[in-house]
Amino acid sequence: MGTAALLRAAGVGVGDEVVVPAFGNVEVADAVATAGALPVFADIDPLTYCLEPAAVEAAVTPRTVAVVVVHRFGRPAGIGQLHALGRRHGLLVLEHGESEAPYDEIARRRQRAAFLDAKLRGVRTPEGGVGHTYQQYVVRVPGNGRPDRDAFARAIRGRGVECRVPVKTPVHRLPEFRRCVSLPETERAADETLALPVDATLTKRDMQRIAGACNALGGLLQPAG
């Protein structure tokens, strides 16, 4: 059952508010709107890219009836804290999961992620955390150095490394959901994040090429501490 159907089944509708992330997943905001409710955007944790519990709590109003939690890039959200928050405020807490890969594929992705963790310089590597499946290996390219994320991406693509910007425009900036709301971590993540390849099919030589292309630019960036 989809998110909109789950919300409707729970009695969510016109006049209700549902807290959702603005960092990606426009389909979640769409589902809330389809159910007749208003999506309310809360900020993310800068390490997990998932909803930050304190930000969710700050977004709760008397009209809030639910929270939709999105697990991001293969890293689970802090669902325990969010369920506790839901119990305190009497809110429905739904999880929007990501597609699961076979265990052996996840194990190979984790190996490639560990290689990049050890080799990359000049970018901020992702926080691993328990249960991270590395559906995407997302680094941060500091925006106060040279090059910035977009220039960095163009440079490593020129060296044959496929990479992608995981969230080009946060949902609260899209015309159909535009909100005047302060989401500093969401904005920063949208400007700095870049997904590097960790596909299970990549060879050790492929991984060395990825690390080498990134590190060739590392000296041009500000320290990533």
# chains A, B, ... in the order shown; residues from 1 in each chain; ligands from 1
>>> select_by_dssp(residues="range 1-140 of chain A", states="helix (DSSP H, G or I)", output="PyMOL selection string")
chain A and resi 3-9+26-34+53-59+79-89+103-119
>>> residues_around(residues="Ala190 in chain A", least_positions_apart="2", cutoff="12 Å", atoms="only C-alpha atoms", output="PDB file with N, CA, C and O atoms, in the first residue's frame")
ATOM      1  N   ALA A  22      12.230  17.713   3.134  1.00  0.00           N
ATOM      2  CA  ALA A  22      12.301  18.410   1.846  1.00  0.00           C
ATOM      3  C   ALA A  22      13.508  17.962   1.042  1.00  0.00           C
ATOM      4  O   ALA A  22      13.633  18.327  -0.136  1.00  0.00           O
ATOM      5  N   PHE A  23      14.391  17.172   1.637  1.00  0.00           N
ATOM      6  CA  PHE A  23      15.603  16.727   0.952  1.00  0.00           C
ATOM      7  C   PHE A  23      15.271  15.504   0.110  1.00  0.00           C
ATOM      8  O   PHE A  23      15.376  14.358   0.539  1.00  0.00           O
ATOM      9  N   GLY A  24      14.831  15.762  -1.139  1.00  0.00           N
ATOM     10  CA  GLY A  24      14.499  14.676  -2.053  1.00  0.00           C
ATOM     11  C   GLY A  24      13.091  14.136  -1.838  1.00  0.00           C
ATOM     12  O   GLY A  24      12.316  14.628  -1.017  1.00  0.00           O
ATOM     13  N   ASP A  43      13.667  19.975   8.887  1.00  0.00           N
ATOM     14  CA  ASP A  43      15.067  19.862   8.474  1.00  0.00           C
ATOM     15  C   ASP A  43      15.614  18.461   8.745  1.00  0.00           C
ATOM     16  O   ASP A  43      15.011  17.642   9.454  1.00  0.00           O
ATOM     17  N   ILE A  44      16.788  18.207   8.188  1.00  0.00           N
ATOM     18  CA  ILE A  44      17.420  16.890   8.286  1.00  0.00           C
ATOM     19  C   ILE A  44      18.621  16.919   9.219  1.00  0.00           C
ATOM     20  O   ILE A  44      19.182  17.966   9.523  1.00  0.00           O
ATOM     21  N   PRO A  46      22.448  16.420   9.523  1.00  0.00           N
ATOM     22  CA  PRO A  46      23.470  16.569   8.491  1.00  0.00           C
ATOM     23  C   PRO A  46      24.321  15.323   8.265  1.00  0.00           C
ATOM     24  O   PRO A  46      25.012  15.227   7.251  1.00  0.00           O
ATOM     25  N   TYR A  49      21.116  12.546   6.760  1.00  0.00           N
ATOM     26  CA  TYR A  49      20.254  13.097   5.711  1.00  0.00           C
ATOM     27  C   TYR A  49      18.787  12.706   5.897  1.00  0.00           C
ATOM     28  O   TYR A  49      17.967  12.888   5.001  1.00  0.00           O
ATOM     29  N   VAL A 138      27.503   8.877  -0.632  1.00  0.00           N
ATOM     30  CA  VAL A 138      27.334  10.320  -0.781  1.00  0.00           C
ATOM     31  C   VAL A 138      28.389  11.059   0.033  1.00  0.00           C
ATOM     32  O   VAL A 138      28.438  10.948   1.264  1.00  0.00           O
ATOM     33  N   VAL A 139      29.232  11.809  -0.674  1.00  0.00           N
ATOM     34  CA  VAL A 139      30.247  12.637  -0.031  1.00  0.00           C
ATOM     35  C   VAL A 139      29.789  14.087  -0.052  1.00  0.00           C
ATOM     36  O   VAL A 139      28.842  14.442  -0.752  1.00  0.00           O
ATOM     37  N   ARG A 140      30.498  14.904   0.725  1.00  0.00           N
ATOM     38  CA  ARG A 140      30.264  16.345   0.679  1.00  0.00           C
ATOM     39  C   ARG A 140      31.504  17.028   0.135  1.00  0.00           C
ATOM     40  O   ARG A 140      32.616  16.730   0.562  1.00  0.00           O
ATOM     41  N   VAL A 141      31.286  17.936  -0.788  1.00  0.00           N
ATOM     42  CA  VAL A 141      32.358  18.757  -1.332  1.00  0.00           C
ATOM     43  C   VAL A 141      32.169  20.150  -0.753  1.00  0.00           C
ATOM     44  O   VAL A 141      31.183  20.826  -1.077  1.00  0.00           O
ATOM     45  N   PRO A 142      33.055  20.599   0.122  1.00  0.00           N
ATOM     46  CA  PRO A 142      32.859  21.893   0.785  1.00  0.00           C
ATOM     47  C   PRO A 142      32.704  23.026  -0.226  1.00  0.00           C
ATOM     48  O   PRO A 142      33.471  23.145  -1.168  1.00  0.00           O
ATOM     49  N   GLY A 143      31.705  23.849   0.018  1.00  0.00           N
ATOM     50  CA  GLY A 143      31.429  24.934  -0.919  1.00  0.00           C
ATOM     51  C   GLY A 143      32.316  26.146  -0.758  1.00  0.00           C
ATOM     52  O   GLY A 143      32.282  27.050  -1.587  1.00  0.00           O
ATOM     53  N   ARG A 149      31.130  21.921  -5.384  1.00  0.00           N
ATOM     54  CA  ARG A 149      30.609  20.597  -5.735  1.00  0.00           C
ATOM     55  C   ARG A 149      30.408  20.416  -7.238  1.00  0.00           C
ATOM     56  O   ARG A 149      30.819  19.392  -7.823  1.00  0.00           O
ATOM     57  N   ASP A 150      29.791  21.395  -7.886  1.00  0.00           N
ATOM     58  CA  ASP A 150      29.489  21.232  -9.305  1.00  0.00           C
ATOM     59  C   ASP A 150      30.753  21.213 -10.157  1.00  0.00           C
ATOM     60  O   ASP A 150      30.871  20.425 -11.102  1.00  0.00           O
ATOM     61  N   ARG A 164      26.824  11.660  -9.534  1.00  0.00           N
ATOM     62  CA  ARG A 164      25.540  12.358  -9.705  1.00  0.00           C
ATOM     63  C   ARG A 164      25.236  13.186  -8.471  1.00  0.00           C
ATOM     64  O   ARG A 164      25.645  12.842  -7.360  1.00  0.00           O
ATOM     65  N   VAL A 165      24.523  14.267  -8.696  1.00  0.00           N
ATOM     66  CA  VAL A 165      24.012  15.084  -7.587  1.00  0.00           C
ATOM     67  C   VAL A 165      22.733  14.406  -7.108  1.00  0.00           C
ATOM     68  O   VAL A 165      21.767  14.299  -7.868  1.00  0.00           O
ATOM     69  N   PRO A 166      22.697  13.926  -5.862  1.00  0.00           N
ATOM     70  CA  PRO A 166      21.545  13.121  -5.438  1.00  0.00           C
ATOM     71  C   PRO A 166      20.252  13.901  -5.292  1.00  0.00           C
ATOM     72  O   PRO A 166      19.170  13.372  -5.561  1.00  0.00           O
ATOM     73  N   VAL A 167      20.335  15.159  -4.860  1.00  0.00           N
ATOM     74  CA  VAL A 167      19.139  16.002  -4.712  1.00  0.00           C
ATOM     75  C   VAL A 167      19.468  17.363  -5.313  1.00  0.00           C
ATOM     76  O   VAL A 167      20.184  18.159  -4.713  1.00  0.00           O
ATOM     77  N   LYS A 168      18.945  17.615  -6.499  1.00  0.00           N
ATOM     78  CA  LYS A 168      19.265  18.876  -7.176  1.00  0.00           C
ATOM     79  C   LYS A 168      18.485  20.046  -6.592  1.00  0.00           C
ATOM     80  O   LYS A 168      19.011  21.150  -6.452  1.00  0.00           O
ATOM     81  N   THR A 169      17.216  19.825  -6.268  1.00  0.00           N
ATOM     82  CA  THR A 169      16.370  20.894  -5.741  1.00  0.00           C
ATOM     83  C   THR A 169      15.545  20.352  -4.584  1.00  0.00           C
ATOM     84  O   THR A 169      14.752  19.427  -4.781  1.00  0.00           O
ATOM     85  N   PRO A 170      15.708  20.880  -3.379  1.00  0.00           N
ATOM     86  CA  PRO A 170      14.852  20.436  -2.271  1.00  0.00           C
ATOM     87  C   PRO A 170      13.380  20.695  -2.585  1.00  0.00           C
ATOM     88  O   PRO A 170      13.043  21.634  -3.323  1.00  0.00           O
ATOM     89  N   VAL A 171      12.519  19.863  -2.040  1.00  0.00           N
ATOM     90  CA  VAL A 171      11.101  19.921  -2.387  1.00  0.00           C
ATOM     91  C   VAL A 171      10.492  21.281  -2.051  1.00  0.00           C
ATOM     92  O   VAL A 171       9.638  21.785  -2.783  1.00  0.00           O
ATOM     93  N   HIS A 172      10.941  21.905  -0.951  1.00  0.00           N
ATOM     94  CA  HIS A 172      10.335  23.182  -0.565  1.00  0.00           C
ATOM     95  C   HIS A 172      10.706  24.320  -1.505  1.00  0.00           C
ATOM     96  O   HIS A 172      10.183  25.422  -1.384  1.00  0.00           O
ATOM     97  N   ARG A 173      11.615  24.052  -2.467  1.00  0.00           N
ATOM     98  CA  ARG A 173      11.950  25.059  -3.470  1.00  0.00           C
ATOM     99  C   ARG A 173      11.212  24.820  -4.787  1.00  0.00           C
ATOM    100  O   ARG A 173      11.314  25.624  -5.713  1.00  0.00           O
ATOM    101  N   LEU A 183      15.391  25.839   6.428  1.00  0.00           N
ATOM    102  CA  LEU A 183      15.896  24.455   6.465  1.00  0.00           C
ATOM    103  C   LEU A 183      17.388  24.487   6.125  1.00  0.00           C
ATOM    104  O   LEU A 183      17.805  24.037   5.055  1.00  0.00           O
ATOM    105  N   PRO A 184      18.220  25.017   7.016  1.00  0.00           N
ATOM    106  CA  PRO A 184      19.634  25.228   6.667  1.00  0.00           C
ATOM    107  C   PRO A 184      20.401  23.955   6.333  1.00  0.00           C
ATOM    108  O   PRO A 184      21.221  23.957   5.417  1.00  0.00           O
ATOM    109  N   GLU A 185      20.143  22.866   7.049  1.00  0.00           N
ATOM    110  CA  GLU A 185      20.873  21.625   6.755  1.00  0.00           C
ATOM    111  C   GLU A 185      20.429  21.021   5.428  1.00  0.00           C
ATOM    112  O   GLU A 185      21.239  20.458   4.686  1.00  0.00           O
ATOM    113  N   THR A 186      19.153  21.144   5.131  1.00  0.00           N
ATOM    114  CA  THR A 186      18.647  20.670   3.832  1.00  0.00           C
ATOM    115  C   THR A 186      19.285  21.455   2.694  1.00  0.00           C
ATOM    116  O   THR A 186      19.740  20.874   1.698  1.00  0.00           O
ATOM    117  N   GLU A 187      19.337  22.778   2.846  1.00  0.00           N
ATOM    118  CA  GLU A 187      19.926  23.630   1.808  1.00  0.00           C
ATOM    119  C   GLU A 187      21.409  23.310   1.626  1.00  0.00           C
ATOM    120  O   GLU A 187      21.903  23.191   0.501  1.00  0.00           O
ATOM    121  N   ARG A 188      22.109  23.159   2.740  1.00  0.00           N
ATOM    122  CA  ARG A 188      23.547  22.886   2.662  1.00  0.00           C
ATOM    123  C   ARG A 188      23.808  21.526   2.008  1.00  0.00           C
ATOM    124  O   ARG A 188      24.694  21.386   1.163  1.00  0.00           O
ATOM    125  N   GLU A 192      26.030  20.665  -1.418  1.00  0.00           N
ATOM    126  CA  GLU A 192      27.355  20.053  -1.224  1.00  0.00           C
ATOM    127  C   GLU A 192      27.437  18.574  -1.558  1.00  0.00           C
ATOM    128  O   GLU A 192      28.541  18.054  -1.745  1.00  0.00           O
ATOM    129  N   THR A 193      26.340  17.850  -1.631  1.00  0.00           N
ATOM    130  CA  THR A 193      26.416  16.394  -1.740  1.00  0.00           C
ATOM    131  C   THR A 193      26.656  15.926  -3.170  1.00  0.00           C
ATOM    132  O   THR A 193      26.180  16.517  -4.136  1.00  0.00           O
ATOM    133  N   LEU A 194      27.379  14.816  -3.261  1.00  0.00           N
ATOM    134  CA  LEU A 194      27.691  14.191  -4.544  1.00  0.00           C
ATOM    135  C   LEU A 194      27.781  12.686  -4.321  1.00  0.00           C
ATOM    136  O   LEU A 194      28.457  12.229  -3.393  1.00  0.00           O
ATOM    137  N   ALA A 195      27.093  11.919  -5.161  1.00  0.00           N
ATOM    138  CA  ALA A 195      27.102  10.460  -5.041  1.00  0.00           C
ATOM    139  C   ALA A 195      28.164   9.873  -5.963  1.00  0.00           C
ATOM    140  O   ALA A 195      28.142  10.098  -7.175  1.00  0.00           O
TER     141      ALA A 195
END
>>> closest_atom_pairs(of="range 122-176 of chain A", to="range 98-111 of chain A", cutoff="10 Å", atoms="only C-alpha atoms", output="tab-separated table")
residue	atom	partner	partner_atom	distance
A:Gly128	CA	A:Arg110	CA	9.3
A:His132	CA	A:Arg110	CA	8.2
A:Thr133	CA	A:Ile106	CA	5.6
A:Tyr134	CA	A:Arg109	CA	6.3
A:Gln135	CA	A:Arg109	CA	7.9
A:Gln136	CA	A:Arg109	CA	9.1
A:Tyr137	CA	A:Arg109	CA	8.9
>>> closest_residue(among="A:Ala113, A:Ala4, A:Val60, A:Val28", to="Gly90 in chain A", atoms="only C-alpha atoms")
A:Val60
>>> residues_around(residues="Ala33 in chain A", least_positions_apart="5", cutoff="12 Å", atoms="only C-alpha atoms", output="list in words")
Thr3, Ala4, Ala5, Leu7, Arg8, Val12, Gly13, Val14, Gly15, Asp16, Glu17, Val18, Val19, Val20, Val26, Glu27, Val28, Leu38, Pro39, Val40, Glu176 and Phe177 of chain A
>>> write_last_selection(atoms="N, CA and C atoms", output="compact mmCIF listing (two decimals), in the first residue's frame")
# COMPACT_ATOMS: atom_id res chain seq x y z
N THR A 3 2.01 5.39 0.28
CA THR A 3 1.93 6.33 1.40
C THR A 3 0.59 7.05 1.42
N ALA A 4 0.10 7.50 0.27
CA ALA A 4 -1.18 8.21 0.23
C ALA A 4 -2.31 7.31 0.73
N ALA A 5 -2.30 6.05 0.32
CA ALA A 5 -3.35 5.12 0.75
C ALA A 5 -3.26 4.86 2.25
N LEU A 7 -2.08 6.93 4.51
CA LEU A 7 -2.57 8.13 5.19
C LEU A 7 -4.10 8.19 5.17
N ARG A 8 -4.67 7.91 4.01
CA ARG A 8 -6.13 7.93 3.92
C ARG A 8 -6.75 6.88 4.85
N VAL A 12 -6.33 10.47 7.59
CA VAL A 12 -5.67 11.75 7.33
C VAL A 12 -6.33 12.39 6.11
N GLY A 13 -6.62 13.68 6.19
CA GLY A 13 -7.26 14.33 5.07
C GLY A 13 -7.20 15.84 5.15
N VAL A 14 -8.17 16.49 4.58
CA VAL A 14 -8.21 17.95 4.47
C VAL A 14 -8.14 18.60 5.86
N GLY A 15 -7.27 19.60 5.98
CA GLY A 15 -7.11 20.30 7.24
C GLY A 15 -6.01 19.75 8.12
N ASP A 16 -5.51 18.56 7.76
CA ASP A 16 -4.44 17.94 8.53
C ASP A 16 -3.07 18.34 7.98
N GLU A 17 -2.06 18.26 8.83
CA GLU A 17 -0.67 18.50 8.43
C GLU A 17 0.15 17.24 8.66
N VAL A 18 1.07 16.99 7.74
CA VAL A 18 1.96 15.83 7.84
C VAL A 18 3.39 16.32 7.66
N VAL A 19 4.25 16.01 8.62
CA VAL A 19 5.64 16.45 8.55
C VAL A 19 6.44 15.50 7.66
N VAL A 20 7.18 16.08 6.71
CA VAL A 20 7.97 15.30 5.75
C VAL A 20 9.31 16.00 5.54
N VAL A 26 10.13 13.95 -3.74
CA VAL A 26 8.93 14.75 -3.96
C VAL A 26 7.69 13.88 -3.92
N GLU A 27 7.83 12.57 -4.19
CA GLU A 27 6.67 11.70 -4.17
C GLU A 27 6.05 11.59 -2.78
N VAL A 28 6.85 11.82 -1.73
CA VAL A 28 6.29 11.79 -0.38
C VAL A 28 5.37 12.99 -0.16
N LEU A 38 -1.74 18.73 4.16
CA LEU A 38 -0.70 19.69 3.83
C LEU A 38 0.66 19.16 4.26
N PRO A 39 1.62 19.01 3.32
CA PRO A 39 2.97 18.62 3.73
C PRO A 39 3.69 19.78 4.41
N VAL A 40 4.27 19.51 5.56
CA VAL A 40 5.04 20.50 6.32
C VAL A 40 6.48 20.00 6.38
N GLU A 176 5.44 23.80 -7.00
CA GLU A 176 4.17 23.29 -6.47
C GLU A 176 4.17 23.14 -4.95
N PHE A 177 5.37 23.19 -4.32
CA PHE A 177 5.43 23.03 -2.87
C PHE A 177 6.23 24.16 -2.21
>>> residues_around(residues="Arg209 in chain A", least_positions_apart="6", cutoff="9 Å", atoms="only C-alpha atoms", output="count of residues only")
3
>>> select_by_dssp(residues="range 46-98 of chain A", states="strand (DSSP E)", output="MDAnalysis selection string")
chainID A and resid 64:70 92:96
